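Enquirer: Here you go, this is query_32.tsv (TSV, C-alpha atoms).
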chain	number	residue	atom	x	y	z
E	245	MET	CA	118.72	79.05	95.38
E	246	VAL	CA	122.06	77.30	95.63
E	247	ILE	CA	122.38	74.42	98.03
E	248	ASP	CA	125.97	73.89	98.98
E	249	PHE	CA	126.83	70.92	101.15
E	250	SER	CA	130.39	71.92	101.82
E	251	SER	CA	131.25	72.78	105.39
E	252	PHE	CA	132.14	76.32	104.42
E	253	HIS	CA	128.50	77.29	104.06
E	254	ASP	CA	126.03	77.09	106.86
E	255	LEU	CA	123.84	74.23	105.66
E	256	PRO	CA	121.27	74.19	108.50
E	257	ARG	CA	120.52	77.83	107.87
E	258	GLN	CA	120.14	77.25	104.17
E	259	MET	CA	117.66	74.46	104.86
E	260	ASP	CA	115.73	76.81	107.12
E	261	ALA	CA	115.68	79.35	104.34
E	262	ILE	CA	114.22	76.79	101.93
E	263	PHE	CA	111.43	75.88	104.33
E	264	ASP	CA	110.75	79.54	105.02
E	265	GLU	CA	110.39	80.04	101.30
E	266	MET	CA	107.82	77.24	101.06
E	267	TRP	CA	105.85	78.70	103.92
E	268	ARG	CA	105.67	82.09	102.41
E	269	SER	CA	104.38	81.10	98.99
E	270	GLY	CA	100.90	80.75	100.50
E	271	GLU	CA	100.62	84.19	101.98
E	272	PHE	CA	100.59	87.22	99.75
E	273	GLY	CA	100.11	85.02	96.74
E	274	GLN	CA	99.15	87.92	94.57
E	275	ARG	CA	102.20	89.92	95.47
E	276	ARG	CA	104.32	88.56	92.69
E	277	MET	CA	101.67	88.78	90.03
E	278	ALA	CA	100.56	92.37	90.11
E	279	TYR	CA	102.71	95.38	90.82
E	280	PRO	CA	102.25	97.49	92.82
E	281	PRO	CA	100.15	95.69	95.45
E	282	VAL	CA	97.07	97.72	96.35
E	283	ASN	CA	94.68	97.85	99.27
E	284	ILE	CA	91.21	99.23	98.83
E	285	THR	CA	89.02	100.29	101.73
E	286	GLU	CA	85.95	102.46	102.04
E	287	ASP	CA	83.78	104.27	104.49
E	288	GLU	CA	80.58	106.22	104.00
E	289	GLN	CA	82.32	109.28	102.62
E	290	SER	CA	85.16	107.96	100.51
E	291	ILE	CA	87.03	105.13	98.88
E	292	TYR	CA	90.69	104.80	99.87
E	293	VAL	CA	93.28	103.19	97.66
E	294	SER	CA	96.79	102.59	98.96
E	295	ALA	CA	99.73	101.03	97.15
E	296	GLU	CA	103.25	100.00	98.09
E	297	ILE	CA	105.53	101.82	95.65
E	298	PRO	CA	108.79	102.45	97.50
E	299	GLY	CA	111.31	104.92	96.18
E	300	MET	CA	108.89	106.84	93.99
E	301	LYS	CA	108.20	110.52	94.34
E	302	ILE	CA	104.58	111.58	94.18
E	303	GLU	CA	105.42	113.74	91.13
E	304	ASP	CA	106.68	110.70	89.24
E	305	ILE	CA	103.48	108.74	89.70
E	306	ASP	CA	100.83	109.23	87.07
E	307	LEU	CA	97.34	109.00	88.52
E	308	THR	CA	94.46	109.06	86.08
E	309	LEU	CA	90.85	108.97	87.11
E	310	THR	CA	88.48	107.98	84.36
E	311	GLU	CA	84.87	107.04	84.64
E	312	GLY	CA	84.84	103.87	86.67
E	313	SER	CA	88.54	103.39	87.19
E	314	LEU	CA	91.68	104.79	88.75
E	315	VAL	CA	94.93	104.11	86.92
E	316	ILE	CA	98.28	104.19	88.75
E	317	LYS	CA	101.21	104.41	86.38
E	318	GLY	CA	104.93	104.99	86.73
E	319	LYS	CA	108.40	103.81	86.05
E	320	ARG	CA	111.04	102.51	88.43
E	321	VAL	CA	114.53	103.23	87.22
E	322	PRO	CA	117.27	100.74	88.16
E	323	GLU	CA	120.63	101.80	89.58
E	324	SER	CA	123.63	101.34	87.39
E	325	GLY	CA	126.39	99.02	88.52
E	326	ASN	CA	127.45	95.43	88.51
E	327	TYR	CA	124.47	93.44	89.82
E	328	TYR	CA	124.94	90.40	92.02
E	329	ARG	CA	121.29	90.08	92.82
E	330	GLN	CA	118.30	91.90	91.45
E	331	GLU	CA	114.91	91.25	92.94
E	332	ARG	CA	113.33	94.66	93.03
E	333	PRO	CA	110.97	95.20	90.13
E	334	THR	CA	112.04	97.84	87.65
E	335	GLY	CA	110.56	99.39	84.56
E	336	ASN	CA	107.08	100.53	83.75
E	337	PHE	CA	104.19	99.52	85.91
E	338	GLN	CA	100.49	100.11	85.70
E	339	ARG	CA	97.63	99.12	87.89
E	340	VAL	CA	93.95	99.72	87.21
E	341	VAL	CA	91.55	99.91	90.12
E	342	ASN	CA	87.86	99.72	89.32
E	343	VAL	CA	85.75	102.25	91.13
E	344	ASN	CA	82.10	101.47	90.68
E	345	VAL	CA	80.80	104.44	92.61
E	346	PRO	CA	80.48	107.98	91.24
E	347	VAL	CA	83.43	109.93	92.62
E	348	ASN	CA	83.84	113.64	93.16
E	349	ALA	CA	86.84	114.04	90.86
E	350	GLU	CA	87.60	117.59	92.04
E	351	ALA	CA	88.20	116.47	95.61
E	352	VAL	CA	90.51	113.51	95.03
E	353	THR	CA	93.72	113.73	97.05
E	354	ALA	CA	96.91	111.68	96.95
E	355	SER	CA	99.89	111.51	99.27
E	356	MET	CA	103.03	109.47	99.63
E	357	LYS	CA	104.64	108.40	102.90
E	358	ASN	CA	107.49	105.94	103.45
E	359	GLY	CA	106.92	104.49	100.01
E	360	VAL	CA	103.19	103.95	100.44
E	361	LEU	CA	100.86	105.85	98.15
E	362	ALA	CA	97.50	106.81	99.60
E	363	VAL	CA	94.70	108.09	97.38
E	364	SER	CA	91.35	109.12	98.75
E	365	LEU	CA	88.39	109.33	96.41
E	366	PRO	CA	85.44	111.10	98.00
E	367	LYS	CA	82.14	109.67	96.87
E	368	SER	CA	79.88	112.12	95.11
E	369	GLU	CA	76.88	113.39	97.00
E	370	GLU	CA	74.29	111.27	95.21
E	371	SER	CA	76.06	107.99	95.94
E	372	ARG	CA	76.36	108.46	99.69
E	373	PRO	CA	73.87	106.68	101.87
E	374	ARG	CA	71.42	109.08	103.42
E	375	LYS	CA	68.51	109.01	105.76
E	376	ILE	CA	65.12	109.85	104.36
E	377	SER	CA	62.68	111.28	106.78
E	378	ILE	CA	59.16	110.06	106.34
E	379	ALA	CA	56.46	112.45	107.20
E	380	ALA	CA	53.62	110.80	109.05
E	381	GLN	CA	50.22	111.63	107.74
X	231	MET	CA	116.20	83.15	126.82
X	232	ASN	CA	116.17	86.62	125.46
X	233	LYS	CA	115.72	85.26	121.97
X	234	ASP	CA	112.55	83.41	122.95
X	235	VAL	CA	110.97	86.57	124.21
X	236	VAL	CA	111.71	88.39	121.00
X	237	LYS	CA	110.30	85.54	118.94
X	238	LYS	CA	107.06	85.54	120.86
X	239	GLU	CA	106.54	89.23	120.33
X	240	ASN	CA	106.83	88.99	116.59
X	241	ARG	CA	104.88	85.83	116.08
X	242	ASN	CA	101.72	87.65	115.09
X	243	LEU	CA	103.33	89.51	112.23
X	244	PRO	CA	103.85	87.63	108.99
X	245	ARG	CA	107.48	87.58	107.97
X	246	VAL	CA	108.24	89.05	104.61
X	247	ARG	CA	111.51	88.77	102.73
X	248	PRO	CA	112.03	92.21	101.24
X	249	TYR	CA	113.03	92.55	97.62
X	250	THR	CA	116.73	93.33	97.55
X	251	ASP	CA	119.26	94.45	94.97
X	252	ILE	CA	122.96	93.95	95.60
X	253	LEU	CA	125.35	95.68	93.29
X	254	GLU	CA	128.98	96.51	93.15
X	255	LYS	CA	130.35	99.84	92.08
X	256	GLU	CA	133.91	101.04	92.07
X	257	ASP	CA	133.71	102.43	95.62
X	258	GLY	CA	132.08	99.39	97.17
X	259	PHE	CA	128.88	97.41	97.47
X	260	HIS	CA	125.42	98.92	97.52
X	261	ILE	CA	122.41	97.09	98.87
X	262	PHE	CA	118.96	98.43	98.08
X	263	MET	CA	115.99	97.04	99.90
X	264	ASP	CA	112.30	97.74	99.39
X	265	LEU	CA	110.82	98.46	102.81
X	266	PRO	CA	107.55	100.24	102.13
X	267	GLY	CA	105.71	101.54	105.17
X	268	VAL	CA	108.69	101.34	107.51
X	269	GLU	CA	109.43	104.20	109.88
X	270	ARG	CA	113.01	104.93	110.84
X	271	GLU	CA	112.46	103.89	114.46
X	272	ASP	CA	111.06	100.50	113.41
X	273	LEU	CA	114.22	99.58	111.56
X	274	VAL	CA	117.02	97.63	113.24
X	275	ILE	CA	120.32	96.85	111.55
X	276	ASP	CA	122.68	94.50	113.36
X	277	LEU	CA	126.22	93.70	112.41
X	278	ASN	CA	127.51	90.61	114.13
X	279	ASP	CA	130.92	89.46	112.97
X	280	SER	CA	130.27	89.08	109.26
X	281	GLU	CA	126.49	88.74	109.56
X	282	LEU	CA	124.45	91.77	108.69
X	283	GLU	CA	120.84	91.42	109.75
X	284	ILE	CA	118.05	93.80	108.87
X	285	ARG	CA	114.73	93.74	110.70
X	286	ALA	CA	111.94	96.19	110.11
X	287	LYS	CA	108.28	96.42	110.95
X	288	SER	CA	105.62	97.89	108.74
X	289	ILE	CA	102.37	98.67	110.51
X	290	ILE	CA	99.47	100.12	108.61
X	291	PRO	CA	97.48	102.60	110.73
X	292	LYS	CA	94.15	101.02	111.58
X	293	ASN	CA	90.90	102.78	111.01
X	294	GLU	CA	87.88	100.96	112.38
X	295	ALA	CA	85.39	102.97	110.39
X	296	ARG	CA	86.82	101.79	107.11
X	297	LYS	CA	85.63	98.58	105.52
X	298	ALA	CA	88.11	96.47	103.58
X	299	ILE	CA	87.16	95.77	99.98
X	300	HIS	CA	90.33	94.24	98.62
X	301	LEU	CA	93.64	93.69	100.41
X	302	GLU	CA	96.97	92.67	98.93
X	303	PHE	CA	99.42	93.77	101.58
X	304	GLY	CA	99.28	94.12	105.32
X	305	ASP	CA	101.32	94.49	108.45
X	306	GLY	CA	104.54	92.60	108.29
X	307	GLU	CA	108.02	92.13	109.57
X	308	TYR	CA	110.77	92.36	107.03
X	309	VAL	CA	113.72	90.12	107.87
X	310	ARG	CA	116.82	89.54	105.82
X	311	ALA	CA	120.41	88.61	106.64
X	312	PHE	CA	123.57	88.83	104.61
X	313	THR	CA	127.09	87.57	105.03
X	314	ILE	CA	129.60	90.31	104.41
X	315	SER	CA	132.83	89.80	102.54
X	316	ASP	CA	136.13	90.49	104.28
X	317	THR	CA	136.91	93.21	101.77
X	318	VAL	CA	134.26	95.45	103.33
X	319	ASP	CA	135.36	98.15	105.72
X	320	ARG	CA	132.99	97.46	108.62
X	321	GLU	CA	133.58	100.79	110.33
X	322	LYS	CA	132.32	102.79	107.39
X	323	ILE	CA	129.05	101.05	106.55
X	324	LYS	CA	126.39	103.63	105.92
X	325	ALA	CA	122.62	103.19	105.94
X	326	THR	CA	119.94	105.56	104.72
X	327	LEU	CA	116.18	105.03	104.73
X	328	LYS	CA	114.34	107.21	102.26
X	329	SER	CA	110.77	106.90	101.00
X	330	GLY	CA	110.57	103.22	101.78
X	331	ILE	CA	113.96	102.20	100.42
X	332	LEU	CA	116.88	101.25	102.60
X	333	GLU	CA	120.23	101.87	101.03
X	334	LEU	CA	123.26	100.26	102.60
X	335	PHE	CA	126.65	101.33	101.41
X	336	LEU	CA	129.47	98.93	102.20
X	337	PRO	CA	132.76	100.52	101.20
X	338	LYS	CA	135.70	98.36	100.27
X	339	ALA	CA	138.64	98.50	102.62
X	340	GLU	CA	141.60	100.51	101.34
X	341	LYS	CA	143.71	97.45	100.73
X	342	ALA	CA	141.02	95.85	98.57
X	343	MET	CA	140.68	98.84	96.25
X	344	PRO	CA	141.91	98.25	92.71
X	345	ARG	CA	145.21	100.01	92.09
X	346	LYS	CA	147.87	100.33	89.48
X	347	ILE	CA	151.16	98.67	90.20
X	348	GLU	CA	154.27	100.61	89.42
X	349	ILE	CA	156.81	98.79	87.35
X	350	THR	CA	160.42	99.60	87.98
X	351	GLY	CA	162.75	98.98	85.08
X	352	ALA	CA	165.95	97.25	85.87
What's the structure tokens form of this structure?
Expert:
Amino acid sequence: MVIDFSSFHDLPRQMDAIFDEMWRSGEFGQRRMAYPPVNITEDEQSIYVSAEIPGMKIEDIDLTLTEGSLVIKGKRVPESGNYYRQERPTGNFQRVVNVNVPVNAEAVTASMKNGVLAVSLPKSEESRPRKISIAAQ
Amino acid sequence: MNKDVVKKENRNLPRVRPYTDILEKEDGFHIFMDLPGVEREDLVIDLNDSELEIRAKSIIPKNEARKAIHLEFGDGEYVRAFTISDTVDREKIKATLKSGILELFLPKAEKAMPRKIEITGA
């Protein structure tokens, strides 16, 4: 960040921007480290993985489900031109999500909306919680 | 007054500075901004004199039945402002939001376009 004390630039706003920056570093700390950021949630039936990968088509994302993990892979291609500022990550990315529950691989679905990838991994029958009826004797 | 009301409304959402690329091509400037999870109606672009401000909200649909295991992103408000050069033709700024990326095209005004200068021999 450039701090310019000349009257041409709006110094108070620049100072605000610096403080804003300091504030932010606490939240979303992991954001800068791993790309893409993922959220993992679950309910009784399935595990849901969502990731922020804007600008990617679902066909260009390589999803691999192996035993115990889901791998999200792809490549973001940069625009060509004369760059003044480049913050958006480009190039190859890969993220491995550990899935410690047996998953019904046939029924996995993935969709993409507004740059957010959503994968649902239905748990296999044997790993779902179930009620066992006890017969009284 | 009005500003205070707006501020209060958005206080709950963490502010996120979206990743932005600014590049120049022959026809003008292109700004690309990562706005994952933003619907078209939640995006506001304001041009005030030479200040271009982009505000967008990303809300993840809630599902009470689902238990969070690991979270790295959440609801947020993307805010970013730019100062536009005088060479930009303000009337012809174009914005498109597609699969989570906002593309702003800021064409150069006719008079700022590069051109060849004719030389007349004496």
Enquirer: Would you list the contacts of Glu283 (chain X) as a PDB file with C-alpha atoms, in the coordinates of the input, taking every protein, DNA or RNA residue within 12 Å and counting all atoms listed in the file, but skipping same-chain residues closer than 2 positions in sequence?
Expert:
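Contents of result_30.pdb, freshly written:
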ATOM      1  CA  ARG X 247     111.510  88.770 102.730  1.00  0.00           C
ATOM      2  CA  LEU X 273     114.220  99.580 111.560  1.00  0.00           C
ATOM      3  CA  VAL X 274     117.020  97.630 113.240  1.00  0.00           C
ATOM      4  CA  ILE X 275     120.320  96.850 111.550  1.00  0.00           C
ATOM      5  CA  ASP X 276     122.680  94.500 113.360  1.00  0.00           C
ATOM      6  CA  LEU X 277     126.220  93.700 112.410  1.00  0.00           C
ATOM      7  CA  ASN X 278     127.510  90.610 114.130  1.00  0.00           C
ATOM      8  CA  ASP X 279     130.920  89.460 112.970  1.00  0.00           C
ATOM      9  CA  SER X 280     130.270  89.080 109.260  1.00  0.00           C
ATOM     10  CA  GLU X 281     126.490  88.740 109.560  1.00  0.00           C
ATOM     11  CA  ARG X 285     114.730  93.740 110.700  1.00  0.00           C
ATOM     12  CA  ALA X 286     111.940  96.190 110.110  1.00  0.00           C
ATOM     13  CA  TYR X 308     110.770  92.360 107.030  1.00  0.00           C
ATOM     14  CA  VAL X 309     113.720  90.120 107.870  1.00  0.00           C
ATOM     15  CA  ARG X 310     116.820  89.540 105.820  1.00  0.00           C
ATOM     16  CA  ALA X 311     120.410  88.610 106.640  1.00  0.00           C
ATOM     17  CA  PHE X 312     123.570  88.830 104.610  1.00  0.00           C
ATOM     18  CA  THR X 313     127.090  87.570 105.030  1.00  0.00           C
ATOM     19  CA  ILE X 314     129.600  90.310 104.410  1.00  0.00           C
ATOM     20  CA  LEU X 334     123.260 100.260 102.600  1.00  0.00           C
TER      21      LEU X 334
END
Enquirer: Which residues of chain E are close to chain X, meaning at most 10 Å apart when you count only C-alpha atoms, and how do they look as a CSV table (one decimal) with C-alpha atoms, in the frame of the given file?
Expert:
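File written: result.csv
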chain,number,residue,atom,x,y,z
E,264,ASP,CA,110.8,79.5,105.0
E,265,GLU,CA,110.4,80.0,101.3
E,267,TRP,CA,105.8,78.7,103.9
E,268,ARG,CA,105.7,82.1,102.4
E,271,GLU,CA,100.6,84.2,102.0
E,272,PHE,CA,100.6,87.2,99.8
E,273,GLY,CA,100.1,85.0,96.7
E,274,GLN,CA,99.2,87.9,94.6
E,275,ARG,CA,102.2,89.9,95.5
E,278,ALA,CA,100.6,92.4,90.1
E,280,PRO,CA,102.2,97.5,92.8
E,281,PRO,CA,100.2,95.7,95.4
E,282,VAL,CA,97.1,97.7,96.4
E,283,ASN,CA,94.7,97.8,99.3
E,284,ILE,CA,91.2,99.2,98.8
E,285,THR,CA,89.0,100.3,101.7
E,286,GLU,CA,86.0,102.5,102.0
E,287,ASP,CA,83.8,104.3,104.5
E,288,GLU,CA,80.6,106.2,104.0
E,289,GLN,CA,82.3,109.3,102.6
E,290,SER,CA,85.2,108.0,100.5
E,291,ILE,CA,87.0,105.1,98.9
E,292,TYR,CA,90.7,104.8,99.9
E,293,VAL,CA,93.3,103.2,97.7
E,294,SER,CA,96.8,102.6,99.0
E,295,ALA,CA,99.7,101.0,97.2
E,296,GLU,CA,103.2,100.0,98.1
E,297,ILE,CA,105.5,101.8,95.6
E,298,PRO,CA,108.8,102.4,97.5
E,299,GLY,CA,111.3,104.9,96.2
E,300,MET,CA,108.9,106.8,94.0
E,301,LYS,CA,108.2,110.5,94.3
E,322,PRO,CA,117.3,100.7,88.2
E,323,GLU,CA,120.6,101.8,89.6
E,324,SER,CA,123.6,101.3,87.4
E,325,GLY,CA,126.4,99.0,88.5
E,326,ASN,CA,127.4,95.4,88.5
E,327,TYR,CA,124.5,93.4,89.8
E,328,TYR,CA,124.9,90.4,92.0
E,329,ARG,CA,121.3,90.1,92.8
E,330,GLN,CA,118.3,91.9,91.4
E,331,GLU,CA,114.9,91.2,92.9
E,332,ARG,CA,113.3,94.7,93.0
E,333,PRO,CA,111.0,95.2,90.1
E,356,MET,CA,103.0,109.5,99.6
E,357,LYS,CA,104.6,108.4,102.9
E,358,ASN,CA,107.5,105.9,103.4
E,359,GLY,CA,106.9,104.5,100.0
E,360,VAL,CA,103.2,104.0,100.4
E,361,LEU,CA,100.9,105.8,98.2
Enquirer: Using all atoms listed in the file, which protein or nucleic acid residues come within 12 Å of Glu321 (chain X)? Drop anything in the same chain fewer than 4 positions from it, and give the result as a list of chain:residue names.
Expert: X:Leu277, X:Asp279, X:Thr317, X:Phe335, X:Leu336, X:Pro337, X:Lys338, X:Ala339
Enquirer: Please identify all polymer residues within 10 Å of Glu340 (chain X), counting only C-alpha atoms, omitting same-chain residues fewer than 4 positions from it, and present them as a list in words.
Expert: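 The residues that qualify are Asp257, Thr317, Val318, Asp319, Pro344 and Arg345 of chain X.
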Enquirer: In Å, with one decimal, what is the gap from CA of Ser377 (chain E) to CA of Val345 (chain E)?
Expert: 24.0 Å
Enquirer: Please report the interatomic distance between CA of Ser371 (chain E) and CA of Ala351 (chain E) in Å with one decimal.
Expert: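 Pair CA of Ser371 (chain E) / CA of Ala351 (chain E) returns 14.8 Å.
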Enquirer: Report the distance between CA of Ser364 (chain E) and CA of Asp305 (chain X) in Å, rounded to one decimal place.
Expert: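 Here the two named atoms are 20.2 Å from each other.
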Enquirer: Could you name the residues that touch Val341 (chain E) at 8 Å or less, counting only C-alpha atoms, but leaving out those on the same chain fewer than 2 positions away, as a list in words?
Expert: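 Residues near the query, excluding close chain neighbours: Ser313, Leu314, Val315, Arg339 and Val343 of chain E.
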Enquirer: Taking all atoms of region 329-343 of chain E that the file lists, what box with edges along x, y and z, padded by 3 Å per side, do you get, with centre and edge lengths in Å to one decimal, as AutoDock Vina command-line options?
Expert:
--center_x 103.5 --center_y 96.2 --center_z 88.4 --size_x 41.5 --size_y 18.2 --size_z 15.3
Enquirer: Using all atoms listed in the file, find all polymer residues with an atom at most 9 Å away from the point (93.7, 115.3, 98.5); report them as JSON, numbers by chain.
Expert: {"E": [351, 352, 353, 354, 355, 363, 364, 365]}
Enquirer: Missing atoms in region 262-288 of chain X: fill them in up to N, CA and C atoms and send the result as a CSV table (one decimal), keeping the file's coordinate frame.
Expert:
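To be explicit, this is the file written out as selection.csv:
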chain,number,residue,atom,x,y,z
X,262,PHE,N,120.2,97.7,98.1
X,262,PHE,CA,119.0,98.4,98.1
X,262,PHE,C,117.9,97.5,98.5
X,263,MET,N,117.0,97.9,99.4
X,263,MET,CA,116.0,97.0,99.9
X,263,MET,C,114.7,97.8,99.9
X,264,ASP,N,113.6,97.1,99.4
X,264,ASP,CA,112.3,97.7,99.4
X,264,ASP,C,111.7,97.5,100.7
X,265,LEU,N,111.5,98.6,101.5
X,265,LEU,CA,110.8,98.5,102.8
X,265,LEU,C,109.7,99.5,102.9
X,266,PRO,N,108.6,99.3,102.1
X,266,PRO,CA,107.6,100.2,102.1
X,266,PRO,C,106.8,100.2,103.5
X,267,GLY,N,106.5,101.4,103.9
X,267,GLY,CA,105.7,101.5,105.2
X,267,GLY,C,106.5,101.5,106.4
X,268,VAL,N,107.9,101.5,106.3
X,268,VAL,CA,108.7,101.3,107.5
X,268,VAL,C,109.2,102.7,108.0
X,269,GLU,N,108.9,103.0,109.3
X,269,GLU,CA,109.4,104.2,109.9
X,269,GLU,C,110.9,104.0,110.3
X,270,ARG,N,111.6,105.0,110.5
X,270,ARG,CA,113.0,104.9,110.8
X,270,ARG,C,113.2,104.2,112.2
X,271,GLU,N,112.3,104.5,113.1
X,271,GLU,CA,112.5,103.9,114.5
X,271,GLU,C,112.1,102.4,114.5
X,272,ASP,N,111.4,101.9,113.4
X,272,ASP,CA,111.1,100.5,113.4
X,272,ASP,C,112.1,99.7,112.6
X,273,LEU,N,113.2,100.3,112.3
X,273,LEU,CA,114.2,99.6,111.6
X,273,LEU,C,115.4,99.3,112.4
X,274,VAL,N,115.9,98.0,112.4
X,274,VAL,CA,117.0,97.6,113.2
X,274,VAL,C,118.0,97.0,112.3
X,275,ILE,N,119.3,97.5,112.3
X,275,ILE,CA,120.3,96.8,111.6
X,275,ILE,C,121.4,96.4,112.5
X,276,ASP,N,121.7,95.1,112.5
X,276,ASP,CA,122.7,94.5,113.4
X,276,ASP,C,123.8,94.0,112.6
X,277,LEU,N,125.0,94.3,113.0
X,277,LEU,CA,126.2,93.7,112.4
X,277,LEU,C,126.9,92.8,113.5
X,278,ASN,N,126.9,91.6,113.2
X,278,ASN,CA,127.5,90.6,114.1
X,278,ASN,C,128.6,89.8,113.4
X,279,ASP,N,129.8,90.0,113.7
X,279,ASP,CA,130.9,89.5,113.0
X,279,ASP,C,130.7,89.8,111.5
X,280,SER,N,130.5,88.8,110.7
X,280,SER,CA,130.3,89.1,109.3
X,280,SER,C,128.8,88.9,108.9
X,281,GLU,N,127.9,88.9,109.8
X,281,GLU,CA,126.5,88.7,109.6
X,281,GLU,C,125.8,90.1,109.7
X,282,LEU,N,125.2,90.5,108.6
X,282,LEU,CA,124.4,91.8,108.7
X,282,LEU,C,123.0,91.4,108.6
X,283,GLU,N,122.3,91.8,109.7
X,283,GLU,CA,120.8,91.4,109.8
X,283,GLU,C,120.0,92.7,109.8
X,284,ILE,N,119.0,92.7,108.9
X,284,ILE,CA,118.0,93.8,108.9
X,284,ILE,C,116.7,93.3,109.3
X,285,ARG,N,116.1,94.0,110.3
X,285,ARG,CA,114.7,93.7,110.7
X,285,ARG,C,113.9,95.0,110.7
X,286,ALA,N,112.8,95.0,110.2
X,286,ALA,CA,111.9,96.2,110.1
X,286,ALA,C,110.5,95.8,110.2
X,287,LYS,N,109.7,96.7,110.8
X,287,LYS,CA,108.3,96.4,111.0
X,287,LYS,C,107.5,97.5,110.2
X,288,SER,N,106.5,97.0,109.5
X,288,SER,CA,105.6,97.9,108.7
X,288,SER,C,104.2,97.7,109.3
